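Let me begin by presenting the structure, written as structure tokens, before commenting on it.
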Amino acid sequence: MTERALSFDAVADQYDAARPGYPPALFDAIEELTGRPLNGSRVIDVGAGTGIATRLLRARGALVTAVEPGPRMAARLHRAAPDVPLVRGLGDALPLADGCADLLTYAQSWHWTDPARSVPEALRVLRPGGALALWWNISDGDVPWIAAQDERVRRWARDEHHGAHSATGRALLPAAMDRAERRITWTRRVILDTHLANLGSHSVFRTRGEQAAADFLAAERTELLTLFPDGTVEEAYAVELTVTVRA
């Protein structure tokens, strides 16, 4: 699992440039479900990657510390946000003091952890009344062309879990943990090159080999130009958010 998780490290710049961000409604929902404003909150963003979520949390006034294991991802984060404290580490063994956080966030990263270790670590690091927030940008399969693309990727990669990490992440929380959930839909318009770079930054492409990935993405370009002849793609997402509050 760690090897696949770290596969992003080789494409840190591509990841940062092409991956989608998150809509303001996500952060509104986090504030609602945690009962606390992000402004002034001590937030630990775990598996921060290049800092896509980190920077948005900071823009809401959060006092963010980023935790990231990949050296290139961490370096890209530091270049983009040099004033954000950055710690190299994993969610399964957080190099942080007990009770130091109001909020622990995992944006696109909880499914890379071992919940037998990451849940106790999260509870240790959170103050009483602090919250754990997990979320994923999922391509919205209710949109026909996205559903068709996801199916092509699954057939090519022989990966039935492509695009389904959020359901996996929720299931890996202990059943006894109370939680609240939100689903927030949103869209963005990007050029076709950005869409393909985003697709190619996913771990399933990083682990199949460069030539195999290039061949698939070339075929995908041809397929998508029949749908978007002007070269502009409207991507549709559903952000799936789970929040649990430490008693």
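Residue numbering restarts at 1 in every chain; chains get A, B, ... in the order shown in the structure tokens, and ligands count up from 1 in that same order.
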
Pick out each residue of region 114-163 of chain A that DSSP on the backbone tags as strand (DSSP E); I need them as a list in words. Leu126, Arg127, Pro128, Gly129, Gly130, Ala131, Leu132, Ala133, Leu134, Trp135, Trp136, Asn137, Ile138 and Ser139 of chain A

Among chain A, which ones does DSSP assign to helix (DSSP H, G or I) (computed from the backbone)? Answer as a ChimeraX atom specification. /A:2-18,24-34,52-59,71-80,110-112,115-125,144-157,165-171,192-200,203-206,210-227

Would you list the contacts of Leu96 (chain A) as an MDAnalysis selection string, taking every protein, DNA or RNA residue within 10 Å and counting only C-alpha atoms, but skipping same-chain residues closer than 3 positions in sequence? chainID A and resid 44 67 87 89 93 99:101 121 124:125

Output for the residues just chosen: N, CA and C atoms as a short mmCIF file (atom, residue, chain, number, x, y, z; two decimals), in the first residue's frame:
data_model
loop_
_atom_site.label_atom_id
_atom_site.label_comp_id
_atom_site.auth_asym_id
_atom_site.auth_seq_id
_atom_site.Cartn_x
_atom_site.Cartn_y
_atom_site.Cartn_z
N ILE A 44 -4.20 19.85 11.38
CA ILE A 44 -3.14 18.99 10.84
C ILE A 44 -3.68 18.36 9.57
N VAL A 67 1.46 17.22 7.01
CA VAL A 67 2.20 15.97 7.21
C VAL A 67 2.21 15.23 5.88
N VAL A 87 5.86 18.55 8.21
CA VAL A 87 6.45 17.43 8.92
C VAL A 87 6.42 16.22 8.01
N GLY A 89 6.03 12.45 7.58
CA GLY A 89 5.50 11.37 8.39
C GLY A 89 4.28 10.74 7.76
N ALA A 93 1.61 6.77 12.05
CA ALA A 93 2.53 7.08 13.16
C ALA A 93 2.84 8.57 13.10
N GLY A 99 -2.96 15.63 21.80
CA GLY A 99 -3.90 16.72 22.01
C GLY A 99 -3.52 18.05 21.40
N CYS A 100 -2.77 18.02 20.30
CA CYS A 100 -2.26 19.27 19.74
C CYS A 100 -3.16 19.87 18.66
N ALA A 101 -4.22 19.15 18.24
CA ALA A 101 -4.99 19.60 17.08
C ALA A 101 -6.47 19.76 17.40
N GLU A 121 -4.09 6.88 16.38
CA GLU A 121 -3.21 8.04 16.24
C GLU A 121 -4.01 9.33 16.11
N ARG A 124 -5.35 10.26 19.45
CA ARG A 124 -4.28 10.72 20.35
C ARG A 124 -3.93 12.18 20.07
N VAL A 125 -3.86 12.54 18.82
CA VAL A 125 -3.41 13.87 18.42
C VAL A 125 -4.51 14.92 18.60
#

CA of Ala197 (chain A) to CA of Ala107 (chain A), distance in Å rounded to a single decimal: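 So the answer is 19.3 Å.
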